[in-house]
file model.cif (mmCIF, C-alpha atoms and all ligand atoms)
data_input
loop_
_atom_site.label_atom_id
_atom_site.label_comp_id
_atom_site.auth_asym_id
_atom_site.auth_seq_id
_atom_site.Cartn_x
_atom_site.Cartn_y
_atom_site.Cartn_z
CA MET A 1 134.15 24.42 328.45
CA ARG A 2 134.72 27.80 326.83
CA SER A 3 137.82 29.35 325.30
CA LEU A 4 138.32 32.83 323.82
CA ILE A 5 139.75 32.54 320.31
CA SER A 6 137.78 35.28 318.54
CA ILE A 7 135.92 38.18 320.14
CA MET A 8 132.81 36.74 318.41
CA ASP A 9 133.00 33.76 320.79
CA PHE A 10 131.34 36.05 323.35
CA SER A 11 127.90 37.61 323.00
CA VAL A 12 127.38 41.33 323.58
CA ASP A 13 125.76 40.45 326.93
CA GLU A 14 128.84 38.48 327.92
CA LEU A 15 131.12 41.38 326.92
CA ASP A 16 128.95 43.71 329.01
CA ASP A 17 129.23 41.30 331.96
CA LEU A 18 133.03 41.30 331.63
CA ILE A 19 133.05 45.10 331.64
CA HIS A 20 130.89 45.16 334.77
CA THR A 21 133.15 42.63 336.50
CA ALA A 22 136.22 44.69 335.53
CA MET A 23 134.58 47.85 336.93
CA ASP A 24 133.84 45.99 340.18
CA ILE A 25 137.46 44.77 340.35
CA ILE A 26 138.58 48.41 340.00
CA ASP A 27 136.22 49.47 342.84
CA ARG A 28 136.75 46.53 345.17
CA PRO A 29 140.10 44.81 344.37
CA HIS A 30 140.31 43.12 347.81
CA GLU A 31 137.12 41.13 347.03
CA TYR A 32 138.96 39.42 344.16
CA SER A 33 142.42 38.95 345.68
CA GLN A 34 141.96 35.25 346.50
CA LYS A 35 139.47 34.19 343.78
CA CYS A 36 142.07 32.12 341.88
CA ARG A 37 143.95 30.72 344.85
CA GLY A 38 145.45 27.35 343.89
CA LYS A 39 144.95 27.95 340.14
CA LYS A 40 147.71 28.27 337.53
CA LEU A 41 147.80 30.31 334.33
CA ALA A 42 150.22 29.14 331.61
CA THR A 43 151.47 31.99 329.41
CA LEU A 44 152.74 30.42 326.18
CA PHE A 45 154.26 33.25 324.17
CA PHE A 46 155.87 32.17 320.90
CA GLU A 47 156.14 35.84 319.82
CA PRO A 48 157.39 38.95 321.73
CA SER A 49 155.05 40.82 324.06
CA THR A 50 155.24 43.31 326.91
CA ARG A 51 151.66 44.32 327.71
CA THR A 52 149.69 41.19 326.94
CA ARG A 53 151.94 38.69 328.69
CA LEU A 54 152.75 40.83 331.72
CA SER A 55 149.17 42.07 332.17
CA PHE A 56 147.96 38.45 332.06
CA GLU A 57 150.55 37.54 334.65
CA ALA A 58 149.74 40.56 336.84
CA ALA A 59 146.03 39.72 336.48
CA MET A 60 146.54 36.16 337.72
CA TYR A 61 148.73 37.28 340.64
CA GLU A 62 146.14 39.91 341.65
CA LEU A 63 143.53 37.14 341.68
CA GLY A 64 145.69 35.13 344.09
CA GLY A 65 146.77 32.56 341.47
CA ASN A 66 150.13 31.50 340.06
CA VAL A 67 151.76 31.67 336.64
CA ILE A 68 153.99 29.31 334.65
CA GLY A 69 155.11 29.66 331.04
CA PHE A 70 157.65 30.89 328.53
CA SER A 71 158.16 34.17 326.72
CA GLU A 72 159.84 32.99 323.51
CA ALA A 73 159.48 29.97 321.25
CA GLY A 74 163.22 29.28 321.48
CA SER A 75 162.99 28.36 325.16
CA SER A 76 160.16 25.85 324.59
CA SER A 77 160.14 22.47 322.85
CA ALA A 78 158.64 24.19 319.79
CA ALA A 79 162.31 24.82 318.97
CA LYS A 80 162.70 21.02 318.70
CA GLY A 81 159.65 20.76 316.43
CA GLU A 82 156.86 20.01 318.93
CA SER A 83 153.42 20.78 317.49
CA VAL A 84 150.94 23.26 318.96
CA ALA A 85 148.51 20.37 319.54
CA ASP A 86 151.03 18.37 321.59
CA THR A 87 152.09 21.48 323.53
CA ALA A 88 148.43 22.16 324.44
CA LYS A 89 147.87 18.56 325.57
CA VAL A 90 150.98 18.65 327.77
CA ILE A 91 150.29 22.07 329.32
CA SER A 92 146.77 20.84 330.18
CA CYS A 93 148.51 18.47 332.65
CA TYR A 94 150.21 21.37 334.46
CA ALA A 95 147.90 24.40 334.41
CA ASP A 96 144.22 25.40 334.67
CA ILE A 97 144.10 27.93 331.83
CA ILE A 98 146.33 28.92 328.89
CA ALA A 99 147.03 32.32 327.32
CA MET A 100 148.80 31.77 323.96
CA ARG A 101 150.43 34.17 321.51
CA HIS A 102 151.73 32.70 318.27
CA PRO A 103 152.97 34.14 314.96
CA MET A 104 150.93 31.64 312.90
CA GLU A 105 147.26 32.46 312.30
CA GLY A 106 144.92 29.94 313.94
CA ALA A 107 147.48 28.44 316.36
CA PRO A 108 145.35 29.22 319.47
CA LEU A 109 142.37 27.48 317.82
CA VAL A 110 144.51 24.37 317.32
CA ALA A 111 145.49 24.63 321.00
CA SER A 112 141.87 24.90 322.15
CA ASP A 113 140.91 21.89 319.98
CA ASN A 114 143.49 19.81 321.83
CA ALA A 115 143.64 21.23 325.37
CA THR A 116 141.43 20.05 328.21
CA ILE A 117 141.55 23.51 329.80
CA PRO A 118 140.37 26.92 328.49
CA VAL A 119 142.63 28.63 325.94
CA ILE A 120 142.83 32.39 325.42
CA ASN A 121 144.09 33.78 322.12
CA ALA A 122 146.66 36.42 323.12
CA GLY A 123 147.30 37.33 319.45
CA ASP A 124 147.74 35.04 316.41
CA GLY A 125 149.83 36.52 313.60
CA GLY A 126 147.97 39.23 311.69
CA HIS A 127 144.61 37.60 312.45
CA ASN A 128 142.97 38.33 315.83
CA HIS A 129 143.75 39.78 319.24
CA PRO A 130 140.52 39.50 321.24
CA THR A 131 141.92 40.39 324.67
CA GLN A 132 143.29 43.66 323.26
CA THR A 133 139.72 44.31 322.18
CA LEU A 134 138.56 43.71 325.75
CA ALA A 135 141.02 46.41 326.86
CA ASP A 136 139.75 48.70 324.08
CA LEU A 137 136.09 48.17 325.02
CA LEU A 138 136.65 48.96 328.71
CA THR A 139 138.64 52.07 327.78
CA ILE A 140 135.94 53.33 325.41
CA TYR A 141 133.27 52.60 328.03
CA ARG A 142 135.18 54.41 330.80
CA GLU A 143 136.15 57.39 328.64
CA LYS A 144 132.94 57.90 326.62
CA GLY A 145 130.34 56.30 328.94
CA ARG A 146 128.93 54.22 326.07
CA LEU A 147 129.84 51.67 323.40
CA GLY A 148 127.28 52.73 320.80
CA ASN A 149 126.72 55.89 318.73
CA LEU A 150 130.38 56.50 318.01
CA THR A 151 132.40 57.40 314.92
CA ILE A 152 135.62 55.42 315.09
CA GLY A 153 138.67 56.15 312.94
CA LEU A 154 141.14 53.27 312.52
CA CYS A 155 144.49 54.46 311.21
CA GLY A 156 147.64 52.72 309.97
CA ASP A 157 148.12 49.05 309.18
CA LEU A 158 144.57 47.80 308.72
CA LYS A 159 145.69 44.79 306.66
CA TYR A 160 147.85 42.96 309.20
CA GLY A 161 146.55 44.83 312.28
CA ARG A 162 144.99 42.02 314.32
CA THR A 163 143.79 44.47 316.97
CA VAL A 164 141.86 46.34 314.28
CA HIS A 165 140.14 43.19 312.98
CA SER A 166 139.01 42.14 316.44
CA LEU A 167 137.86 45.66 317.39
CA ILE A 168 135.77 46.00 314.21
CA GLU A 169 134.14 42.63 314.92
CA ALA A 170 133.27 43.75 318.44
CA MET A 171 132.03 47.26 317.59
CA SER A 172 129.90 46.05 314.67
CA ARG A 173 127.43 44.61 317.19
CA TYR A 174 126.69 47.95 318.88
CA GLU A 175 124.11 50.51 317.66
CA GLY A 176 125.03 53.66 315.77
CA ILE A 177 128.64 52.80 314.91
CA LYS A 178 130.35 54.50 311.94
CA ILE A 179 133.83 53.47 310.84
CA VAL A 180 136.46 55.53 309.02
CA LEU A 181 139.29 53.37 307.64
CA ILE A 182 142.48 55.43 307.22
CA SER A 183 145.40 53.63 305.58
CA PRO A 184 147.73 53.60 302.58
CA ASP A 185 146.30 51.57 299.66
CA GLU A 186 148.74 48.72 300.38
CA LEU A 187 147.50 48.29 303.97
CA ARG A 188 143.74 48.44 303.51
CA LEU A 189 141.38 46.34 305.60
CA PRO A 190 141.06 42.76 304.22
CA GLY A 191 138.01 42.20 302.02
CA TYR A 192 136.54 39.52 304.28
CA VAL A 193 136.35 41.95 307.22
CA LYS A 194 134.58 44.53 305.02
CA LYS A 195 132.15 42.06 303.45
CA GLU A 196 131.43 39.69 306.28
CA ILE A 197 131.52 42.07 309.22
CA LEU A 198 130.90 45.68 308.14
CA ASP A 199 128.53 44.95 305.24
CA ARG A 200 126.71 42.15 307.03
CA HIS A 201 126.02 44.37 310.06
CA HIS A 202 125.15 47.36 307.83
CA ILE A 203 127.91 49.46 309.42
CA PRO A 204 128.54 52.62 307.36
CA PHE A 205 132.23 52.94 306.53
CA GLU A 206 134.54 54.95 304.30
CA GLU A 207 138.11 54.26 303.19
CA ILE A 208 140.47 57.22 302.94
CA SER A 209 144.21 57.79 303.06
CA SER A 210 144.27 61.20 304.79
CA LEU A 211 144.17 61.34 308.61
CA GLU A 212 143.67 65.12 308.49
CA GLU A 213 140.53 64.69 306.37
CA ALA A 214 138.95 62.39 308.98
CA MET A 215 140.03 64.09 312.18
CA SER A 216 137.16 66.50 312.90
CA LYS A 217 134.41 63.86 312.75
CA LEU A 218 135.96 61.24 315.03
CA ASP A 219 134.87 60.31 318.57
CA ILE A 220 137.63 57.68 318.77
CA LEU A 221 140.94 57.70 316.90
CA TYR A 222 142.57 54.24 317.00
CA MET A 223 146.19 54.55 315.84
CA THR A 224 148.20 51.46 314.94
CA ARG A 225 151.83 50.65 314.22
CA ILE A 226 153.03 49.71 310.74
CA GLN A 227 154.32 46.28 311.74
CA ARG A 228 157.76 45.50 310.32
CA GLU A 229 157.44 41.83 311.36
CA ARG A 230 154.45 41.28 309.02
CA PHE A 231 156.20 42.46 305.82
CA SER A 232 158.02 40.05 303.51
CA ASN A 233 159.28 43.02 301.42
CA MET A 234 161.45 45.38 303.53
CA GLU A 235 161.48 48.05 300.79
CA GLU A 236 157.68 48.25 301.05
CA TYR A 237 157.91 48.50 304.85
CA LYS A 238 160.42 51.37 304.63
CA ARG A 239 158.21 53.20 302.14
CA LEU A 240 155.10 52.88 304.34
CA LYS A 241 156.43 53.04 307.88
CA ASP A 242 156.05 56.80 308.36
CA SER A 243 152.66 57.08 306.62
CA TYR A 244 150.96 58.54 309.71
CA ILE A 245 152.49 60.47 312.59
CA LEU A 246 150.02 62.03 315.04
CA THR A 247 151.24 65.37 316.40
CA PRO A 248 149.67 68.12 318.58
CA GLU A 249 149.36 70.22 315.39
CA LYS A 250 147.22 67.57 313.67
CA LEU A 251 144.97 67.31 316.74
CA LYS A 252 143.91 70.98 316.44
CA SER A 253 140.90 70.05 314.31
CA ALA A 254 139.85 67.11 316.53
CA LYS A 255 136.86 67.15 318.88
CA GLU A 256 137.71 68.28 322.41
CA ASP A 257 136.50 64.97 323.83
CA MET A 258 137.94 62.70 321.14
CA CYS A 259 139.62 59.68 322.66
CA ILE A 260 143.04 58.62 321.24
CA LEU A 261 143.73 54.91 321.52
CA HIS A 262 146.67 52.75 320.46
CA PRO A 263 147.21 49.10 321.40
CA LEU A 264 150.94 49.87 321.78
CA PRO A 265 153.84 49.43 321.30
CA ARG A 266 154.21 52.61 319.27
CA VAL A 267 157.25 53.37 317.22
CA ASN A 268 156.76 56.93 315.94
CA GLU A 269 153.11 57.02 314.83
CA ILE A 270 152.15 59.08 317.89
CA SER A 271 154.58 61.85 318.80
CA VAL A 272 155.59 61.76 322.50
CA ALA A 273 154.35 65.39 322.65
CA VAL A 274 150.77 64.04 322.31
CA ASP A 275 151.09 62.09 325.59
CA LYS A 276 150.24 65.11 327.73
CA ASP A 277 147.06 65.83 325.77
CA PRO A 278 144.08 64.81 327.98
CA ARG A 279 142.63 62.98 324.96
CA ALA A 280 145.57 60.53 324.94
CA CYS A 281 144.19 57.36 326.55
CA TYR A 282 146.66 54.69 325.41
CA PHE A 283 148.40 54.19 328.74
CA LYS A 284 145.03 53.98 330.52
CA GLN A 285 144.12 51.41 327.85
CA ALA A 286 147.12 49.26 328.86
CA LEU A 287 145.99 49.37 332.51
CA ASN A 288 142.40 48.54 331.54
CA GLY A 289 143.79 45.45 329.78
CA LYS A 290 144.82 44.03 333.14
CA TYR A 291 141.34 44.50 334.64
CA MET A 292 139.62 42.91 331.65
CA ARG A 293 142.05 39.98 331.67
CA MET A 294 141.24 39.47 335.37
CA ALA A 295 137.52 39.41 334.54
CA LEU A 296 138.18 37.03 331.62
CA ILE A 297 140.25 34.56 333.65
CA LEU A 298 137.50 34.48 336.30
CA LYS A 299 134.78 33.89 333.71
CA LEU A 300 136.60 31.11 331.84
CA LEU A 301 137.59 29.29 335.04
CA GLU A 302 134.01 29.52 336.37
CA ASP A 303 132.62 28.26 333.04
CA ALA A 304 135.14 25.38 333.00
CA ALA A 305 134.11 24.38 336.53
CA CYS A 306 130.41 24.32 335.47
CA SER A 307 130.88 22.53 332.13
CA PRO A 308 134.30 20.87 331.86
CA VAL A 309 133.64 19.19 328.50
CA ARG A 310 135.09 20.81 325.35
CA LYS A 311 132.48 22.16 322.95
CA THR A 312 132.31 20.49 319.54
CA ARG A 313 132.26 22.65 316.40
CA ASP A 314 128.71 23.69 315.52
CA MET A 315 129.33 24.78 311.91
CA GLN A 316 129.11 23.20 308.48
CA THR A 317 132.66 22.14 307.53
CA VAL A 318 134.32 21.15 304.26
CA LYS A 319 137.49 19.03 304.27
CA ASN A 320 138.56 18.42 300.66
CA LEU A 321 140.28 21.83 300.24
CA ARG A 322 143.74 23.13 301.14
CA CYS A 323 144.52 26.49 302.76
CA GLN A 324 147.06 28.42 300.64
CA ASN A 325 147.86 31.08 303.25
CA PRO A 326 151.57 30.81 304.17
CA ARG A 327 150.80 32.55 307.48
CA CYS A 328 148.23 29.91 308.50
CA ILE A 329 149.14 27.30 311.11
CA THR A 330 148.19 24.62 308.55
CA SER A 331 151.23 25.64 306.48
CA ALA A 332 153.58 25.16 309.44
CA GLU A 333 152.19 21.89 310.80
CA GLN A 334 152.08 19.27 308.06
CA GLU A 335 149.80 16.79 309.82
CA LEU A 336 147.14 19.32 310.73
CA GLU A 337 143.92 18.62 308.84
CA HIS A 338 142.78 21.47 306.57
CA ILE A 339 139.17 22.32 307.53
CA PHE A 340 136.97 24.99 305.97
CA LYS A 341 133.71 26.51 307.15
CA ARG A 342 130.95 27.57 304.78
CA THR A 343 129.82 31.14 305.55
CA ASP A 344 126.23 32.41 305.22
CA GLU A 345 127.32 33.86 301.84
CA GLY A 346 128.36 30.34 300.70
CA ILE A 347 132.10 31.14 300.81
CA CYS A 348 134.52 28.49 302.14
CA ARG A 349 136.99 29.92 304.65
CA CYS A 350 139.80 28.16 306.51
CA ILE A 351 138.63 27.73 310.11
CA TYR A 352 142.11 28.68 311.38
CA CYS A 353 143.04 31.84 309.44
CA GLU A 354 139.67 32.67 307.76
CA LYS A 355 141.28 33.03 304.32
CA LYS A 356 139.00 32.17 301.40
CA ALA A 357 139.53 28.83 299.63
CA GLU A 358 141.15 29.40 296.23
N1 LIG B 401 149.07 45.52 322.61
C1 LIG B 401 149.88 44.44 322.62
O1 LIG B 401 149.49 43.32 322.22
O2 LIG B 401 151.11 44.69 323.16
P1 LIG B 401 152.25 43.60 323.35
O3 LIG B 401 152.67 43.14 321.99
O4 LIG B 401 153.35 44.30 324.11
O5 LIG B 401 151.66 42.46 324.13
#
call {"tool": "encode", "arguments": {"input": "model.cif", "output": "structure tokens"}}
result
Amino acid sequence: MRSLISIMDFSVDELDDLIHTAMDIIDRPHEYSQKCRGKKLATLFFEPSTRTRLSFEAAMYELGGNVIGFSEAGSSSAAKGESVADTAKVISCYADIIAMRHPMEGAPLVASDNATIPVINAGDGGHNHPTQTLADLLTIYREKGRLGNLTIGLCGDLKYGRTVHSLIEAMSRYEGIKIVLISPDELRLPGYVKKEILDRHHIPFEEISSLEEAMSKLDILYMTRIQRERFSNMEEYKRLKDSYILTPEKLKSAKEDMCILHPLPRVNEISVAVDKDPRACYFKQALNGKYMRMALILKLLEDAACSPVRKTRDMQTVKNLRCQNPRCITSAEQELEHIFKRTDEGICRCIYCEKKAE
């Protein structure tokens, strides 16, 4: 049985298959309208969401299935102290597939280790957001006609931006990708993403702080929000929150066919005046998220029907270390065993949040 916890759980061929299924759903929606009849999706959202939760729910309804779930931790038994593992075991009794968003990094992995149904990571803290990446990939494919040979600028909060981490992981497997990382010094891309994804895949990248400097060379500009909820120091948030504001003026030096993406929600990093620019693709991106989530639900339910047994971990693990990351699920759930994986570079990383052992 498969789950989707990281975008790397799927091969490039599998991502291509999902894109082709999504394109077929767009062309022939009636062919898919009863594919999930009798099936239930549980949306377990411990953190706020508009797009991800509602597009998952719309996706399941458009496949003929049903939806159960909750949209805030306070209305679930997590408020009484129930663990993620117990929640996953219980929901496995009621639903056929889970989509989970959680503020703690690695929580969906804990859920998939304990559920008897597929689990989809719908965003875990500042770590990963693989289904946003599915929306991004379909949008890039539909707008540019390809997923390779692109110069991609990622702008804003690259440190806590889970959508950025997942997108870089996905794009690093396509040919001819160049990355321009545009952020303030305080919000640079984490070292492990640079070393273990960009360097390992020999992806050329540069780190700069000026959006204007990058603009003319970009095929894709991926704007992100400076996320107030990830800062422990509000003074730092206030100082950084207006670092980048995209305006029609700044777009004058951009390519005519550059594609502007944003996972949304935006606060003020893209001026509303940019919305009428034909290069603004962020609302199309939100729609594409629904089609890719339909394709994903179909794939995971089909895979579960073919091989209902949970996969065991096929990596070398180390257990006599403790994760020090306060944002990791291991710091919130005292009885959860701390497990580390040894990377090809010989570094021990927590399997839940991927932080290096100290
Ligand atoms: N892009 C995204 O994850 O949006 P929501 O937080 O509204 O789900």
call {"tool": "residues_around", "arguments": {"input": "model.cif", "residues": "Arg342 of chain A", "least_positions_apart": "5", "cutoff": "9 Å", "atoms": "all atoms listed in the file", "output": "list in words"}}
result
Met315, Gln316, Thr317, Val318, Ile347, Cys348 and Arg349 of chain A
call {"tool": "residues_around", "arguments": {"input": "model.cif", "residues": "segment 226-230 of chain A", "least_positions_apart": "6", "cutoff": "8 Å", "atoms": "only C-alpha atoms", "output": "CSV table (one decimal) with C-alpha atoms, keeping the file's coordinate frame"}}
result
chain,number,residue,atom,x,y,z
A,126,GLY,CA,148.0,39.2,311.7
A,156,GLY,CA,147.6,52.7,310.0
A,157,ASP,CA,148.1,49.0,309.2
A,160,TYR,CA,147.8,43.0,309.2
A,161,GLY,CA,146.6,44.8,312.3
A,237,TYR,CA,157.9,48.5,304.8
A,240,LEU,CA,155.1,52.9,304.3
A,241,LYS,CA,156.4,53.0,307.9
call {"tool": "residues_near_point", "arguments": {"input": "model.cif", "point": "(152.0, 42.1, 326.1)", "cutoff": "10 Å", "atoms": "only C-alpha atoms", "output": "compact mmCIF listing (two decimals) with C-alpha atoms, in the coordinates of the input"}}
result
# COMPACT_ATOMS: atom_id res chain seq x y z
CA PHE A 45 154.26 33.25 324.17
CA GLU A 47 156.14 35.84 319.82
CA PRO A 48 157.39 38.95 321.73
CA SER A 49 155.05 40.82 324.06
CA THR A 50 155.24 43.31 326.91
CA ARG A 51 151.66 44.32 327.71
CA THR A 52 149.69 41.19 326.94
CA ARG A 53 151.94 38.69 328.69
CA LEU A 54 152.75 40.83 331.72
CA SER A 55 149.17 42.07 332.17
CA PHE A 56 147.96 38.45 332.06
CA GLU A 57 150.55 37.54 334.65
CA ARG A 101 150.43 34.17 321.51
CA ALA A 122 146.66 36.42 323.12
CA GLY A 123 147.30 37.33 319.45
CA GLN A 132 143.29 43.66 323.26
CA PRO A 263 147.21 49.10 321.40
CA LEU A 264 150.94 49.87 321.78
CA PRO A 265 153.84 49.43 321.30
CA ALA A 286 147.12 49.26 328.86
CA GLY A 289 143.79 45.45 329.78
call {"tool": "closest_residue", "arguments": {"input": "model.cif", "among": "A:Met100, A:Leu158, A:Ile260, A:Ala357", "to": "ligand LIG 401 (chain B)", "atoms": "only C-alpha atoms and all ligand atoms"}}
result
A:Met100
call {"tool": "atom_distance", "arguments": {"input": "model.cif", "atom1": "atom CA of Ser172 of chain A", "atom2": "atom CA of His202 of chain A"}}
result
8.4 Å
call {"tool": "residues_around", "arguments": {"input": "model.cif", "residues": "Ala78 of chain A", "least_positions_apart": "3", "cutoff": "12 Å", "atoms": "all atoms listed in the file", "output": "PyMOL selection string"}}
result
chain A and resi 44-47+70+72-75+81-88+102+332-333
call {"tool": "atom_distance", "arguments": {"input": "model.cif", "atom1": "atom CA of Glu358 of chain A", "atom2": "atom CA of His129 of chain A"}}
result
25.4 Å
call {"tool": "build_atoms", "arguments": {"input": "model.cif", "residues": "segment 216-241 of chain A", "atoms": "N, CA and C atoms", "output": "mmCIF file, in the frame of the given file"}}
result
data_model
loop_
_atom_site.group_PDB
_atom_site.id
_atom_site.type_symbol
_atom_site.label_atom_id
_atom_site.label_comp_id
_atom_site.auth_asym_id
_atom_site.auth_seq_id
_atom_site.Cartn_x
_atom_site.Cartn_y
_atom_site.Cartn_z
ATOM 1 N N SER A 216 138.187 65.717 312.204
ATOM 2 C CA SER A 216 137.160 66.500 312.900
ATOM 3 C C SER A 216 135.894 65.709 313.206
ATOM 4 N N LYS A 217 135.673 64.574 312.504
ATOM 5 C CA LYS A 217 134.410 63.860 312.750
ATOM 6 C C LYS A 217 134.545 62.701 313.739
ATOM 7 N N LEU A 218 135.741 62.463 314.245
ATOM 8 C CA LEU A 218 135.960 61.240 315.030
ATOM 9 C C LEU A 218 135.654 61.417 316.523
ATOM 10 N N ASP A 219 135.010 60.388 317.103
ATOM 11 C CA ASP A 219 134.870 60.310 318.570
ATOM 12 C C ASP A 219 136.030 59.508 319.158
ATOM 13 N N ILE A 220 136.499 58.527 318.359
ATOM 14 C CA ILE A 220 137.630 57.680 318.770
ATOM 15 C C ILE A 220 138.624 57.674 317.599
ATOM 16 N N LEU A 221 139.896 57.898 317.910
ATOM 17 C CA LEU A 221 140.940 57.700 316.900
ATOM 18 C C LEU A 221 141.813 56.551 317.392
ATOM 19 N N TYR A 222 141.811 55.439 316.620
ATOM 20 C CA TYR A 222 142.570 54.240 317.000
ATOM 21 C C TYR A 222 143.791 54.151 316.094
ATOM 22 N N MET A 223 144.940 54.574 316.621
ATOM 23 C CA MET A 223 146.190 54.550 315.840
ATOM 24 C C MET A 223 146.808 53.159 315.948
ATOM 25 N N THR A 224 147.494 52.740 314.879
ATOM 26 C CA THR A 224 148.200 51.460 314.940
ATOM 27 C C THR A 224 149.597 51.614 314.341
ATOM 28 N N ARG A 225 150.442 50.681 314.707
ATOM 29 C CA ARG A 225 151.830 50.650 314.220
ATOM 30 C C ARG A 225 151.875 49.970 312.853
ATOM 31 N N ILE A 226 152.725 50.464 311.963
ATOM 32 C CA ILE A 226 153.030 49.710 310.740
ATOM 33 C C ILE A 226 154.018 48.623 311.192
ATOM 34 N N GLN A 227 153.596 47.368 311.072
ATOM 35 C CA GLN A 227 154.320 46.280 311.740
ATOM 36 C C GLN A 227 155.399 45.664 310.837
ATOM 37 N N ARG A 228 156.641 46.003 311.137
ATOM 38 C CA ARG A 228 157.760 45.500 310.320
ATOM 39 C C ARG A 228 157.738 43.969 310.215
ATOM 40 N N GLU A 229 157.366 43.300 311.321
ATOM 41 C CA GLU A 229 157.440 41.830 311.360
ATOM 42 C C GLU A 229 156.429 41.144 310.446
ATOM 43 N N ARG A 230 155.442 41.904 309.904
ATOM 44 C CA ARG A 230 154.450 41.280 309.020
ATOM 45 C C ARG A 230 154.802 41.428 307.531
ATOM 46 N N PHE A 231 155.853 42.210 307.232
ATOM 47 C CA PHE A 231 156.200 42.460 305.820
ATOM 48 C C PHE A 231 157.208 41.435 305.324
ATOM 49 N N SER A 232 156.988 40.902 304.111
ATOM 50 C CA SER A 232 158.020 40.050 303.510
ATOM 51 C C SER A 232 158.954 40.924 302.663
ATOM 52 N N ASN A 233 158.484 42.116 302.256
ATOM 53 C CA ASN A 233 159.280 43.020 301.420
ATOM 54 C C ASN A 233 159.688 44.244 302.255
ATOM 55 N N MET A 234 160.976 44.311 302.643
ATOM 56 C CA MET A 234 161.450 45.380 303.530
ATOM 57 C C MET A 234 161.422 46.757 302.858
ATOM 58 N N GLU A 235 161.550 46.771 301.506
ATOM 59 C CA GLU A 235 161.480 48.050 300.790
ATOM 60 C C GLU A 235 160.089 48.657 300.962
ATOM 61 N N GLU A 236 159.063 47.782 300.877
ATOM 62 C CA GLU A 236 157.680 48.250 301.050
ATOM 63 C C GLU A 236 157.475 48.769 302.476
ATOM 64 N N TYR A 237 158.036 48.058 303.456
ATOM 65 C CA TYR A 237 157.910 48.500 304.850
ATOM 66 C C TYR A 237 158.525 49.900 305.021
ATOM 67 N N LYS A 238 159.722 50.079 304.470
ATOM 68 C CA LYS A 238 160.420 51.370 304.630
ATOM 69 C C LYS A 238 159.621 52.504 303.983
ATOM 70 N N ARG A 239 158.995 52.182 302.861
ATOM 71 C CA ARG A 239 158.210 53.200 302.140
ATOM 72 C C ARG A 239 156.957 53.591 302.943
ATOM 73 N N LEU A 240 156.396 52.644 303.687
ATOM 74 C CA LEU A 240 155.100 52.880 304.340
ATOM 75 C C LEU A 240 155.205 53.249 305.815
ATOM 76 N N LYS A 241 156.379 53.016 306.421
ATOM 77 C CA LYS A 241 156.430 53.040 307.880
ATOM 78 C C LYS A 241 156.093 54.398 308.504
#
